[in-house]
file query.pdb (PDB, C-alpha atoms)
ATOM      1  CA  MET A  66      -5.204 -32.458   2.359
ATOM      2  CA  THR A  67      -3.035 -31.201  -0.508
ATOM      3  CA  ASP A  68       0.756 -31.310  -0.612
ATOM      4  CA  THR A  69       0.801 -27.585   0.049
ATOM      5  CA  ASP A  70      -1.426 -28.011   3.098
ATOM      6  CA  ALA A  71       0.785 -30.829   4.429
ATOM      7  CA  SER A  72       3.882 -28.634   4.234
ATOM      8  CA  MET A  73       2.241 -25.684   5.997
ATOM      9  CA  PRO A  74       3.388 -25.017   9.552
ATOM     10  CA  GLN A  75       0.817 -25.364  12.316
ATOM     11  CA  GLY A  76      -0.037 -23.338  15.430
ATOM     12  CA  GLU A  77       2.758 -21.123  16.755
ATOM     13  CA  ALA A  78       5.006 -22.048  13.828
ATOM     14  CA  LEU A  79       2.311 -20.809  11.467
ATOM     15  CA  LEU A  80       2.105 -17.478  13.304
ATOM     16  CA  ASP A  81       5.912 -17.211  13.433
ATOM     17  CA  ALA A  82       6.054 -17.704   9.652
ATOM     18  CA  VAL A  83       3.942 -14.581   9.058
ATOM     19  CA  GLY A  84       6.904 -12.192   9.399
ATOM     20  CA  ALA A  85       8.898 -13.888   6.656
ATOM     21  CA  ALA A  86       5.752 -14.076   4.518
ATOM     22  CA  PHE A  87       5.270 -10.301   4.779
ATOM     23  CA  ALA A  88       8.875  -9.783   3.728
ATOM     24  CA  ARG A  89       8.311 -11.849   0.566
ATOM     25  CA  LEU A  90       4.807 -10.635  -0.227
ATOM     26  CA  ARG A  91       5.502  -7.261  -1.846
ATOM     27  CA  ARG A  92       8.637  -8.397  -3.650
ATOM     28  CA  ARG A  93       7.074 -11.506  -5.148
ATOM     29  CA  THR A  94       3.736  -9.874  -5.919
ATOM     30  CA  MET A  95       5.616  -7.326  -8.037
ATOM     31  CA  GLN A  96       6.826 -10.274 -10.177
ATOM     32  CA  ALA A  97       3.298 -11.198 -11.284
ATOM     33  CA  PRO A  98       2.585 -10.411 -14.938
ATOM     34  CA  VAL A  99       0.324  -7.358 -15.174
ATOM     35  CA  ASP A 100      -0.752  -5.152 -18.058
ATOM     36  CA  PRO A 101       0.684  -2.613 -18.376
ATOM     37  CA  PRO A 102       3.865  -3.907 -16.707
ATOM     38  CA  SER A 103       5.035  -2.132 -13.557
ATOM     39  CA  GLY A 104       8.176  -0.040 -13.743
ATOM     40  CA  PRO A 105      10.852   0.450 -11.087
ATOM     41  CA  LYS A 106       9.385   3.769  -9.878
ATOM     42  CA  ASP A 107       5.833   2.428  -9.678
ATOM     43  CA  LEU A 108       6.175   1.014  -6.148
ATOM     44  CA  LYS A 109       7.315   4.364  -4.719
ATOM     45  CA  ARG A 110       4.704   6.315  -6.642
ATOM     46  CA  ASN A 111       2.012   3.859  -5.537
ATOM     47  CA  LEU A 112       3.000   4.322  -1.891
ATOM     48  CA  VAL A 113       2.977   8.123  -2.162
ATOM     49  CA  LEU A 114      -0.306   8.356  -4.063
ATOM     50  CA  ASN A 115      -2.054   5.923  -1.707
ATOM     51  CA  ILE A 116      -1.001   7.887   1.373
ATOM     52  CA  VAL A 117      -2.154  11.192  -0.130
ATOM     53  CA  ASP A 118      -5.422   9.551  -1.216
ATOM     54  CA  GLU A 119      -6.021   8.008   2.228
ATOM     55  CA  ALA A 120      -5.495  11.410   3.853
ATOM     56  CA  ALA A 121      -7.985  13.010   1.472
ATOM     57  CA  GLU A 122     -10.519  10.256   2.189
ATOM     58  CA  ALA A 123     -10.105  10.959   5.916
ATOM     59  CA  ASP A 124     -10.583  14.692   5.217
ATOM     60  CA  ALA A 125      -7.028  15.299   6.424
ATOM     61  CA  GLU A 126      -4.160  17.170   4.853
ATOM     62  CA  MET A 127      -0.911  15.508   3.833
ATOM     63  CA  THR A 128       2.412  17.315   3.846
ATOM     64  CA  VAL A 129       5.841  16.105   2.755
ATOM     65  CA  GLY A 130       6.747  15.772   6.451
ATOM     66  CA  GLY A 131       3.615  13.732   7.115
ATOM     67  CA  LEU A 132       4.425  11.531   4.161
ATOM     68  CA  ALA A 133       7.941  10.971   5.544
ATOM     69  CA  GLU A 134       6.425   9.902   8.874
ATOM     70  CA  HIS A 135       4.015   7.489   7.181
ATOM     71  CA  LEU A 136       6.790   5.949   5.088
ATOM     72  CA  LEU A 137       9.305   5.988   7.956
ATOM     73  CA  VAL A 138      11.859   7.749   5.764
ATOM     74  CA  ASP A 139      13.945  10.891   6.054
ATOM     75  CA  PRO A 140      12.093  14.044   4.948
ATOM     76  CA  SER A 141      14.629  14.521   2.133
ATOM     77  CA  VAL A 142      13.721  11.073   0.759
ATOM     78  CA  ALA A 143      10.008  11.896   0.939
ATOM     79  CA  SER A 144      10.687  15.236  -0.737
ATOM     80  CA  ARG A 145      12.395  13.499  -3.674
ATOM     81  CA  MET A 146       9.500  11.050  -3.974
ATOM     82  CA  VAL A 147       7.007  13.934  -3.990
ATOM     83  CA  SER A 148       9.082  15.904  -6.504
ATOM     84  CA  ASP A 149       9.039  12.906  -8.840
ATOM     85  CA  CYS A 150       5.238  12.686  -8.581
ATOM     86  CA  ILE A 151       4.850  16.434  -9.120
ATOM     87  CA  SER A 152       7.185  16.494 -12.134
ATOM     88  CA  HIS A 153       5.137  13.713 -13.753
ATOM     89  CA  GLY A 154       1.850  15.496 -13.052
ATOM     90  CA  TYR A 155       0.496  13.116 -10.381
ATOM     91  CA  LEU A 156       0.530  15.560  -7.441
ATOM     92  CA  VAL A 157       0.290  19.297  -6.882
ATOM     93  CA  ARG A 158       1.273  21.415  -3.910
ATOM     94  CA  ALA A 159      -1.323  23.778  -2.461
ATOM     95  CA  ALA A 160      -1.667  26.073   0.537
ATOM     96  CA  SER A 161      -3.222  24.395   3.551
ATOM     97  CA  GLN A 162      -6.812  25.375   4.240
ATOM     98  CA  GLN A 163      -6.088  24.920   7.961
ATOM     99  CA  ASP A 164      -2.760  26.755   8.166
ATOM    100  CA  GLY A 165      -1.746  28.969   5.266
ATOM    101  CA  ARG A 166       1.928  28.629   6.215
ATOM    102  CA  ARG A 167       1.887  24.918   5.335
ATOM    103  CA  THR A 168       1.972  23.342   1.904
ATOM    104  CA  VAL A 169      -0.137  20.239   1.377
ATOM    105  CA  LEU A 170      -0.311  17.644  -1.371
ATOM    106  CA  HIS A 171      -3.255  16.821  -3.624
ATOM    107  CA  LEU A 172      -3.735  14.214  -6.311
ATOM    108  CA  THR A 173      -4.234  15.503  -9.832
ATOM    109  CA  GLU A 174      -6.554  13.827 -12.327
ATOM    110  CA  GLU A 175      -3.486  12.066 -13.725
ATOM    111  CA  GLY A 176      -2.515  10.969 -10.211
ATOM    112  CA  THR A 177      -5.984   9.568  -9.588
ATOM    113  CA  ALA A 178      -5.855   7.738 -12.934
ATOM    114  CA  LEU A 179      -2.429   6.288 -12.070
ATOM    115  CA  LEU A 180      -3.684   5.195  -8.648
ATOM    116  CA  HIS A 181      -6.608   3.409 -10.339
ATOM    117  CA  ARG A 182      -4.143   1.759 -12.756
ATOM    118  CA  PHE A 183      -2.035   0.556  -9.822
ATOM    119  CA  ARG A 184      -5.115  -0.870  -8.115
ATOM    120  CA  HIS A 185      -6.145  -2.620 -11.334
ATOM    121  CA  GLN A 186      -2.643  -4.097 -11.610
ATOM    122  CA  GLN A 187      -2.843  -5.293  -8.007
ATOM    123  CA  ARG A 188      -6.150  -7.006  -8.787
ATOM    124  CA  GLN A 189      -4.514  -8.627 -11.831
ATOM    125  CA  ALA A 190      -1.643  -9.843  -9.641
ATOM    126  CA  PHE A 191      -4.072 -11.229  -7.038
ATOM    127  CA  ASP A 192      -6.057 -13.027  -9.745
ATOM    128  CA  TYR A 193      -2.877 -14.442 -11.285
ATOM    129  CA  ILE A 194      -1.322 -15.603  -8.006
ATOM    130  CA  THR A 195      -4.536 -17.208  -6.733
ATOM    131  CA  ARG A 196      -5.682 -18.547 -10.118
ATOM    132  CA  ASP A 197      -5.436 -22.177  -8.964
ATOM    133  CA  TRP A 198      -7.209 -21.599  -5.648
ATOM    134  CA  PRO A 199     -10.824 -22.595  -5.132
ATOM    135  CA  GLU A 200     -13.076 -19.511  -5.455
ATOM    136  CA  ALA A 201     -14.199 -19.819  -1.831
ATOM    137  CA  GLU A 202     -10.562 -19.655  -0.626
ATOM    138  CA  ARG A 203      -9.801 -16.660  -2.862
ATOM    139  CA  LEU A 204     -12.781 -14.772  -1.467
ATOM    140  CA  GLU A 205     -12.034 -15.792   2.128
ATOM    141  CA  PHE A 206      -8.407 -14.698   1.797
ATOM    142  CA  ALA A 207      -9.514 -11.365   0.295
ATOM    143  CA  ARG A 208     -12.029 -10.893   3.134
ATOM    144  CA  LEU A 209      -9.426 -11.677   5.810
ATOM    145  CA  LEU A 210      -6.806  -9.478   4.163
ATOM    146  CA  LEU A 211      -9.238  -6.546   4.167
ATOM    147  CA  LYS A 212     -10.127  -7.276   7.798
ATOM    148  CA  TYR A 213      -6.420  -7.318   8.692
ATOM    149  CA  THR A 214      -5.876  -4.041   6.864
ATOM    150  CA  ASP A 215      -8.868  -2.438   8.597
ATOM    151  CA  SER A 216      -7.398  -3.528  11.949
ATOM    152  CA  THR A 217      -4.246  -1.542  11.207
ATOM    153  CA  ALA A 218      -6.329   1.606  11.756
ATOM    154  CA  ARG A 219      -5.923   0.958  15.486
ATOM    155  CA  LEU A 220      -2.140   1.292  15.248
ATOM    156  CA  PRO A 221      -0.555   4.496  16.542
ATOM    157  CA  ALA A 222      -0.306   7.335  14.084
ATOM    158  CA  PRO A 223       3.101   7.804  12.470
ATOM    159  CA  GLY A 224       5.337   9.840  14.745
ATOM    160  CA  ALA A 225       3.463   8.809  17.902
ATOM    161  CA  GLY A 226       5.706   8.039  20.842
ATOM    162  CA  ALA A 227       6.539   4.619  22.260
ATOM    163  CA  ALA A 228       4.112   5.179  25.143
ATOM    164  CA  ARG A 229       1.237   5.245  22.715
ATOM    165  CA  ARG A 230       2.460   2.029  21.053
ATOM    166  CA  GLU A 231       2.526   0.358  24.442
ATOM    167  CA  GLY A 232      -1.038   1.480  25.138
ATOM    168  CA  ALA A 233      -0.142   4.051  27.810
TER     169      ALA A 233
END

call {"tool": "encode", "arguments": {"input": "query.pdb", "output": "structure tokens"}}
result
Amino acid sequence: MTDTDASMPQGEALLDAVGAAFARLRRRTMQAPVDPPSGPKDLKRNLVLNIVDEAAEADAEMTVGGLAEHLLVDPSVASRMVSDCISHGYLVRAASQQDGRRTVLHLTEEGTALLHRFRHQQRQAFDYITRDWPEAERLEFARLLLKYTDSTARLPAPGAGAARREGA
């Protein structure tokens, strides 16, 4: 057992520690050295581009209002985030193919390239942070993290009522 293993909480304490770990995860991961370095707007742009990309992969349309629901922010905040991405050429607005009265968001080629850059940086951060881990642990953690993320698909859609969250 390593010193790190000896200091790890066990059982219920281990599960209780997950919340604090999530709070630190994004902030500390952003401190990992990546090339090119991440800028202050990169986190917001990454969130926006990933949500638009996930909607496209699911053959769904994403609006500014839908983005606000996904991010749990006020629509005006989401609108500013989208405007930033549009002004930098990462997103475009288009008429909905399902309802011509709605405007939906699409990634541009530049947006797709930036999303790939973000994902490459995240891989660099993962490699850097886990560089001293045995390869089997790195792969197992990656596998479990992907499994955890896949399980989030069962969560209620953004904007769903409390009854749905409670399984009613």

call {"tool": "closest_residue", "arguments": {"input": "query.pdb", "among": "A:Leu170, A:Ala143, A:Leu156, A:Ala88", "to": "Met127 (chain A)", "atoms": "all atoms listed in the file"}}
result
A:Leu170

call {"tool": "resolve_selection", "arguments": {"input": "query.pdb", "expression": "the PyMOL selection byres ((chain A and resi 160) around 12)", "output": "PyMOL selection string"}}
result
chain A and resi 126-128+157-159+161-171

call {"tool": "closest_residue", "arguments": {"input": "query.pdb", "among": "A:Ala207, A:Val117, A:Ile194, A:Ala125", "to": "Gln96 (chain A)", "atoms": "all atoms listed in the file"}}
result
A:Ile194

call {"tool": "residues_around", "arguments": {"input": "query.pdb", "residues": "Ala133 (chain A)", "least_positions_apart": "6", "cutoff": "10 Å", "atoms": "only C-alpha atoms", "output": "list in words"}}
result
Val113, Asp139, Pro140, Ser141, Val142, Ala143, Ser144, Met146, Pro223 and Gly224 of chain A

call {"tool": "axis_aligned_box", "arguments": {"input": "query.pdb", "around": "region 107-121 of chain A", "padding_each_side": "4 Å", "output": "AutoDock Vina command-line options"}}
result
--center_x -0.3 --center_y 7.0 --center_z -2.9 --size_x 23.3 --size_y 20.0 --size_z 21.5

call {"tool": "closest_residue", "arguments": {"input": "query.pdb", "among": "A:Ala97, A:Asp81, A:Gly104, A:Gly76", "to": "Arg196 (chain A)", "atoms": "all atoms listed in the file"}}
result
A:Ala97

call {"tool": "atom_distance", "arguments": {"input": "query.pdb", "atom1": "CA of Arg110 (chain A)", "atom2": "CA of Cys150 (chain A)"}}
result
6.7 Å

call {"tool": "residues_around", "arguments": {"input": "query.pdb", "residues": "Ala218 (chain A)", "least_positions_apart": "5", "cutoff": "12 Å", "atoms": "all atoms listed in the file", "output": "list in words"}}
result
Glu119, Ala123, Leu211, Lys212, Tyr213 and Pro223 of chain A

call {"tool": "closest_residue", "arguments": {"input": "query.pdb", "among": "A:His153, A:Leu180, A:Phe206, A:Glu134", "to": "Leu112 (chain A)", "atoms": "all atoms listed in the file"}}
result
A:Leu180

call {"tool": "atom_distance", "arguments": {"input": "query.pdb", "atom1": "CA of Arg145 (chain A)", "atom2": "CA of Asp118 (chain A)"}}
result
18.4 Å

call {"tool": "atom_distance", "arguments": {"input": "query.pdb", "atom1": "CA of Met95 (chain A)", "atom2": "CA of Glu174 (chain A)"}}
result
24.8 Å

call {"tool": "residues_around", "arguments": {"input": "query.pdb", "residues": "Pro102 (chain A)", "least_positions_apart": "3", "cutoff": "12 Å", "atoms": "all atoms listed in the file", "output": "PyMOL selection string"}}
result
chain A and resi 95-99+105-108+182-183+185-187+189-190
